[in-house]
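Q: Below you'll find start_26.cif; it's mmCIF, C-alpha atoms and all ligand atoms.
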```cif
data_upload
#
loop_
_atom_site.label_atom_id
_atom_site.label_comp_id
_atom_site.auth_asym_id
_atom_site.auth_seq_id
_atom_site.Cartn_x
_atom_site.Cartn_y
_atom_site.Cartn_z
CA MET A 11 12.20 -4.17 12.19
CA ILE A 12 10.37 -5.37 9.09
CA ILE A 13 8.77 -8.81 8.99
CA THR A 14 7.45 -9.97 5.62
CA ILE A 15 4.84 -12.70 5.23
CA ASP A 16 4.27 -13.89 1.67
CA GLY A 17 2.37 -16.85 0.34
CA PRO A 18 -0.54 -18.02 -1.79
CA ALA A 19 -4.20 -17.02 -1.38
CA GLY A 20 -5.88 -18.58 1.62
CA ALA A 21 -2.70 -19.61 3.47
CA GLY A 22 -3.84 -17.49 6.42
CA LYS A 23 -1.40 -14.61 5.90
CA SER A 24 -3.72 -11.80 7.00
CA THR A 25 -4.92 -13.59 10.12
CA ILE A 26 -1.40 -14.55 11.16
CA ALA A 27 0.16 -11.19 10.25
CA ARG A 28 -2.53 -9.27 12.14
CA LEU A 29 -2.19 -11.40 15.29
CA LEU A 30 1.60 -11.34 15.14
CA ALA A 31 1.61 -7.55 14.73
CA GLY A 32 -0.72 -7.28 17.74
CA ARG A 33 1.51 -9.47 19.91
CA LEU A 34 4.68 -7.60 18.97
CA GLY A 35 3.10 -4.14 18.99
CA PHE A 36 4.06 -3.70 15.31
CA ARG A 37 2.04 -2.08 12.54
CA PHE A 38 0.24 -4.41 10.15
CA LEU A 39 0.35 -3.74 6.43
CA ASP A 40 -2.19 -5.67 4.33
CA THR A 41 -0.85 -5.09 0.81
CA GLY A 42 -3.53 -7.27 -0.85
CA ALA A 43 -6.03 -4.69 0.42
CA MET A 44 -4.10 -2.01 -1.49
CA TYR A 45 -4.42 -3.90 -4.81
CA ARG A 46 -8.08 -4.52 -4.08
CA ALA A 47 -8.67 -0.83 -3.32
CA MET A 48 -6.97 0.17 -6.60
CA ALA A 49 -9.26 -2.21 -8.47
CA LEU A 50 -12.28 -0.69 -6.73
CA ALA A 51 -11.03 2.78 -7.72
CA GLY A 52 -10.88 1.51 -11.31
CA VAL A 53 -14.47 0.24 -11.12
CA ARG A 54 -15.70 3.52 -9.72
CA HIS A 55 -13.92 5.59 -12.36
CA GLY A 56 -15.09 3.27 -15.11
CA VAL A 57 -11.59 2.50 -16.43
CA ALA A 58 -11.35 0.14 -19.39
CA TRP A 59 -9.55 -3.00 -18.15
CA ASP A 60 -8.04 -3.57 -21.58
CA ARG A 61 -6.38 -0.12 -21.33
CA PRO A 62 -3.90 -0.62 -18.45
CA GLU A 63 -2.63 2.93 -18.83
CA GLN A 64 -5.98 4.21 -17.51
CA LEU A 65 -5.55 2.49 -14.14
CA ALA A 66 -1.86 3.45 -14.10
CA GLU A 67 -2.83 7.13 -14.49
CA LEU A 68 -5.56 6.86 -11.87
CA ALA A 69 -3.39 5.21 -9.18
CA PRO A 70 -1.31 8.24 -8.10
CA ARG A 71 -4.44 10.41 -8.12
CA THR A 72 -6.22 8.28 -5.52
CA SER A 73 -5.73 8.60 -1.81
CA LEU A 74 -5.18 5.24 -0.15
CA ALA A 75 -4.83 4.85 3.60
CA LEU A 76 -4.66 1.92 6.02
CA ALA A 77 -5.50 2.85 9.59
CA HIS A 78 -6.74 0.89 12.61
CA ASP A 79 -7.42 -2.17 10.46
CA ARG A 80 -9.60 -0.17 8.06
CA VAL A 81 -8.95 0.67 4.40
CA TYR A 82 -9.79 4.15 3.10
CA LEU A 83 -10.10 5.09 -0.55
CA ASP A 84 -10.35 8.83 -1.16
CA GLY A 85 -11.43 9.22 2.45
CA GLU A 86 -14.20 6.58 2.31
CA ASP A 87 -14.06 3.40 4.38
CA VAL A 88 -14.01 0.58 1.79
CA THR A 89 -12.89 -2.25 4.10
CA GLU A 90 -15.91 -4.42 3.31
CA ALA A 91 -16.42 -3.28 -0.29
CA ILE A 92 -12.95 -4.47 -1.39
CA ARG A 93 -13.68 -8.05 -0.20
CA SER A 94 -16.71 -8.59 -2.43
CA SER A 95 -16.51 -11.24 -5.17
CA ALA A 96 -17.00 -8.51 -7.78
CA VAL A 97 -13.87 -6.63 -6.64
CA THR A 98 -11.90 -9.86 -6.15
CA ALA A 99 -12.66 -10.76 -9.79
CA VAL A 100 -11.04 -7.57 -11.16
CA THR A 101 -8.19 -7.18 -8.67
CA ARG A 102 -5.81 -8.94 -11.04
CA TYR A 103 -5.97 -5.90 -13.34
CA ALA A 104 -4.35 -3.89 -10.56
CA ALA A 105 -1.95 -6.67 -9.53
CA ASP A 106 -0.81 -7.36 -13.12
CA ASN A 107 -0.23 -3.70 -13.93
CA PRO A 108 3.52 -2.90 -13.66
CA GLN A 109 2.97 0.84 -13.09
CA VAL A 110 0.34 0.24 -10.41
CA ARG A 111 2.72 -2.23 -8.72
CA GLU A 112 5.57 0.26 -8.84
CA TYR A 113 3.37 2.93 -7.32
CA LEU A 114 2.04 0.65 -4.57
CA VAL A 115 5.48 -0.73 -3.69
CA ARG A 116 6.68 2.86 -3.24
CA LEU A 117 3.67 3.56 -1.04
CA GLN A 118 4.33 0.40 1.01
CA ARG A 119 7.93 1.49 1.62
CA ALA A 120 6.80 4.96 2.64
CA MET A 121 4.20 3.49 5.02
CA ALA A 122 6.82 1.23 6.62
CA ALA A 123 9.61 3.80 6.75
CA GLY A 124 11.46 3.78 10.05
CA GLY A 125 8.85 1.71 11.85
CA ASP A 126 8.24 -1.80 13.12
CA VAL A 127 5.99 -3.49 10.60
CA VAL A 128 4.51 -6.88 9.75
CA THR A 129 3.69 -6.73 6.05
CA GLU A 130 1.90 -9.42 4.07
CA GLY A 131 1.35 -10.07 0.39
CA ARG A 132 3.03 -11.87 -2.50
CA ASP A 133 6.19 -9.84 -3.17
CA GLN A 134 7.02 -8.31 0.19
CA GLY A 135 10.19 -10.31 0.86
CA THR A 136 11.31 -10.34 -2.77
CA VAL A 137 10.49 -6.91 -4.25
CA ALA A 138 9.14 -4.46 -1.66
CA PHE A 139 11.48 -5.25 1.27
CA PRO A 140 14.36 -7.41 0.03
CA ASP A 141 16.43 -6.33 3.07
CA ALA A 142 13.78 -7.24 5.67
CA GLN A 143 15.33 -8.88 8.76
CA CYS A 144 12.71 -11.60 8.96
CA LYS A 145 10.93 -13.23 6.03
CA ILE A 146 8.23 -15.89 6.26
CA TYR A 147 6.73 -17.87 3.41
CA LEU A 148 3.38 -19.22 4.56
CA THR A 149 1.86 -22.16 2.69
CA ALA A 150 -0.92 -24.73 2.94
CA GLY A 151 -2.34 -27.30 0.53
CA ALA A 152 -4.94 -26.08 -1.99
CA GLU A 153 -7.70 -28.19 -0.38
CA GLU A 154 -7.09 -26.79 3.08
CA ARG A 155 -6.92 -23.25 1.72
CA SER A 156 -10.23 -23.81 -0.10
CA ARG A 157 -11.91 -25.05 3.06
CA ARG A 158 -10.74 -21.96 4.93
CA ARG A 159 -11.83 -19.63 2.12
CA LEU A 160 -15.26 -21.27 2.02
CA ALA A 161 -15.68 -20.76 5.77
CA ASP A 162 -14.68 -17.08 5.32
CA LEU A 163 -17.19 -16.58 2.51
CA GLN A 164 -19.93 -18.31 4.48
CA SER A 165 -19.29 -16.03 7.44
CA GLN A 166 -19.84 -13.10 5.05
CA GLY A 167 -23.13 -14.61 3.89
CA GLU A 168 -21.88 -15.84 0.46
CA THR A 169 -22.94 -19.34 -0.60
CA ARG A 170 -20.46 -21.26 -2.77
CA LEU A 171 -19.57 -24.88 -3.53
CA ILE A 172 -16.21 -26.17 -2.31
CA GLU A 173 -15.41 -27.21 -5.92
CA GLU A 174 -15.89 -23.64 -7.10
CA VAL A 175 -13.70 -22.27 -4.34
CA LEU A 176 -10.97 -24.82 -5.11
CA ALA A 177 -11.07 -23.94 -8.82
CA ASP A 178 -10.81 -20.28 -7.84
CA ILE A 179 -7.81 -20.93 -5.56
CA ASN A 180 -6.06 -22.89 -8.34
CA ARG A 181 -6.71 -20.08 -10.80
CA ARG A 182 -5.34 -17.48 -8.39
CA ASP A 183 -2.24 -19.60 -7.67
CA GLN A 184 -1.65 -19.73 -11.41
CA GLN A 185 -2.13 -15.95 -11.77
CA ASP A 186 0.09 -15.20 -8.75
CA ALA A 187 2.92 -17.43 -10.02
CA SER A 188 2.85 -16.26 -13.63
CA ARG A 189 2.57 -12.49 -13.05
CA PRO A 190 5.40 -10.89 -15.08
CA VAL A 191 6.06 -8.26 -12.37
CA GLY A 192 6.03 -9.10 -8.64
CA PRO A 193 5.08 -12.78 -9.00
CA LEU A 194 4.62 -14.96 -5.93
CA ARG A 195 8.04 -16.41 -5.06
CA ARG A 196 9.66 -17.59 -1.88
CA ALA A 197 12.61 -15.29 -1.20
CA PRO A 198 15.79 -17.38 -0.88
CA ASP A 199 16.23 -16.18 2.72
CA ALA A 200 12.58 -16.74 3.74
CA THR A 201 11.60 -19.47 6.20
CA GLU A 202 8.77 -21.62 4.90
CA VAL A 203 5.99 -22.44 7.36
CA SER A 204 3.31 -24.92 6.32
CA THR A 205 0.06 -24.27 8.15
CA ASP A 206 -1.58 -27.57 7.16
CA GLY A 207 -3.16 -29.14 10.23
CA LEU A 208 -1.99 -26.36 12.56
CA SER A 209 -4.28 -24.09 14.56
CA VAL A 210 -4.00 -20.32 14.16
CA ASP A 211 -2.37 -20.10 17.60
CA GLU A 212 0.19 -22.75 16.70
CA VAL A 213 1.13 -20.90 13.51
CA VAL A 214 1.47 -17.54 15.28
CA GLN A 215 3.64 -19.22 17.93
CA ARG A 216 5.87 -20.83 15.30
CA VAL A 217 6.24 -17.57 13.37
CA GLN A 218 6.96 -15.65 16.56
CA GLU A 219 9.74 -18.12 17.41
CA ILE A 220 11.28 -17.50 13.99
CA VAL A 221 11.05 -13.73 14.56
CA GLU A 222 12.78 -14.07 17.96
CA GLN A 223 15.55 -16.14 16.39
CA ARG A 224 16.10 -13.50 13.73
CA ARG A 225 16.09 -10.74 16.31
CA GLY A 226 18.73 -12.62 18.26
CA ALA A 227 20.74 -13.24 15.13
CA ARG A 228 20.73 -9.52 14.40
CA HIS A 229 22.88 -8.68 17.38
CA PRO A 230 24.99 -11.77 18.11
CA SER A 231 27.29 -9.71 20.35
CA ASP A 232 24.36 -8.91 22.66
CA ARG A 233 24.26 -12.51 23.72
CA LEU A 234 27.94 -12.81 24.71
O1 LIG B 1 -4.17 -11.34 -0.40
P1 LIG B 1 -5.36 -10.84 -1.19
O2 LIG B 1 -6.26 -11.94 -1.68
O3 LIG B 1 -6.13 -9.77 -0.49
O4 LIG B 1 -4.72 -10.16 -2.49
C1 LIG B 1 -5.52 -9.60 -3.49
C2 LIG B 1 -4.81 -9.73 -4.84
O5 LIG B 1 -3.68 -8.87 -4.90
C3 LIG B 1 -4.33 -11.12 -5.18
O6 LIG B 1 -4.82 -11.47 -6.45
C4 LIG B 1 -2.84 -11.04 -5.25
C5 LIG B 1 -2.54 -9.59 -5.34
N1 LIG B 1 -1.41 -9.17 -4.53
C6 LIG B 1 -0.22 -8.92 -5.16
O7 LIG B 1 -0.12 -9.11 -6.37
N2 LIG B 1 0.84 -8.47 -4.44
C7 LIG B 1 0.74 -8.28 -3.12
N3 LIG B 1 1.79 -7.81 -2.44
C8 LIG B 1 -0.48 -8.53 -2.46
C9 LIG B 1 -1.54 -8.99 -3.19
#
```
Here is the file; what I need is its structure written in the form of C-alpha cells.
A:
Amino acid sequence: MIITIDGPAGAGKSTIARLLAGRLGFRFLDTGAMYRAMALAGVRHGVAWDRPEQLAELAPRTSLALAHDRVYLDGEDVTEAIRSSAVTAVTRYAADNPQVREYLVRLQRAMAAGGDVVTEGRDQGTVAFPDAQCKIYLTAGAEERSRRRLADLQSQGETRLIEEVLADINRRDQQDASRPVGPLRRAPDATEVSTDGLSVDEVVQRVQEIVEQRRGARHPSDRL
C-alpha cells in the first residue's frame, strides 16, 4: 500500500510521515531530502545554477540512498548537511529542474516498488503516485508553520527572527505553488488535514484513521 502525504513547508509532513510509517511498519520516503541531496551534489560539483543542464546531467551520475532514516550521497552520510540553510537556499534549483524531477520521480517509484510505503513531499499524490490508495494533504497556517520551523532551527543551534522565518515560509509557498513541473497541489482524491492547534499525536491518530478507512474501502467485500 502507498500512502502519500503532501503539503507546504513546515506543515509537519516529515514528523507525521515518519511516525505513521513506524506505527504501520511501512517504509518512509522523504522526497524533500532527495531534492536537497541533489542540490548538495550540485554545490560539491560546482555546477552553474544558471545552467540547469549541468545539474540534469549530474543527477543520474550520483548515487542517492535513503536507509534507516539516513540520507547517503555517493556513499557519504549527508543527513545533517542537507538541512543547512546554505543547502536549503539552493534546493529550488533541483526542485525547479524538470529533468531532475523526472529522474527523482523515477527513483521514488523504484524505491517504493511492491512495498508498503509512506511517502511525503509536494507532488507525491499528484505526479509520483497518482494511483496511491491513500492520499493526505497536510496543511497549517503560515504563522503556525513559522513557529514550528523556528523551534526546529533553534534546536539545531541556528538563531533567526520569527519575521525572517515567516518571510521564508511565504517565499517557499510561492515557489512550491508556481513551479512549472510538479507544483504543490492537493490531489482531487486527497483528504485535507489541518494541523493547526493539534498535537503531533492527534495528527498521527487522525491520519491513521483515514488510512484505516481507505484500507477498509479497498476490500468492501471483506466486511460482508
Ligand atoms: O520538504 P523539504 O523542505 O525537505 O523539501 C525541500 C525542497 O524540495 C522544497 O523546496 C520543496 C522541494 N520538494 C519538491 O519540489 N517535491 C517534493 N516531492 C519534495 C520536495
Q: Could you tell me which of A:Val128, A:Ile179, A:Ala152, A:Leu30 comes closest to Thr98 (chain A) if we count only C-alpha atoms?
A: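 Among the listed residues, the smallest separation from Thr98 (chain A) belongs to A:Ile179.
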Q: Which protein, DNA or RNA residues have an atom within 10 Å of ligand LIG 1 (chain B), counting all atoms listed in the file, as an NGL selection string?
A: :A and (15-24 or 39-49 or 92-93 or 97-107 or 111 or 114-115 or 118 or 129-138 or 179 or 181-183 or 185-187 or 189 or 191-194)
Q: Give me the residues within 7 Å of Val214 (chain A) as a ChimeraX atom specification, counting all atoms listed in the file and dropping any in the same chain fewer than 4 places off.
A: /A:26,30,210,218
Q: From the set A:Ala69, A:Ala58, A:Ile12, A:Ala227, which residue has the shortest atom-to-atom contact distance to Arg116 (chain A), counting all atoms listed in the file?
A: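 Closest residue, counting all atoms listed in the file: A:Ala69.
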Q: What does the distance between CA of Gly85 (chain A) and CA of Ala120 (chain A) come to in Å, to one decimal place?
A: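 Calculated distance between CA of Gly85 (chain A) and CA of Ala120 (chain A) is 18.7 Å.
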Q: What is the CA of Gln143 (chain A)-CA of Val213 (chain A) distance in Å, reported with one decimal?
A: 19.2 Å
Q: Ranking A:Arg196, A:Arg28, A:Arg158, A:Arg37 by minimum distance to Lys145 (chain A) and counting only C-alpha atoms, which one comes first?
A: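 So, comparing all the options, the nearest one is A:Arg196.
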Q: Take every atom of region 56-65 of chain A listed in the file, pad by 6 Å on each side, and give me the axis-aligned box centre and edge lengths in Å, one decimal, as lines of an AutoDock Vina configuration file.
A:
```
center_x = -8.9
center_y = 0.3
center_z = -17.9
size_x = 24.5
size_y = 19.8
size_z = 19.4
```
Q: What separation in Å, quoted to one decimal, exists between CA of Ser94 (chain A) and CA of Asp206 (chain A)?
A: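 Spanning CA of Ser94 (chain A) to CA of Asp206 (chain A) is a straight-line distance of 26.1 Å.
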Q: Tell me which of A:Asp199, A:Glu67, A:Asp162, A:Glu112 sits closest to Tyr147 (chain A), counting all atoms listed in the file.
A: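 Looking at the shortest contact to Tyr147 (chain A), the residue is A:Asp199.
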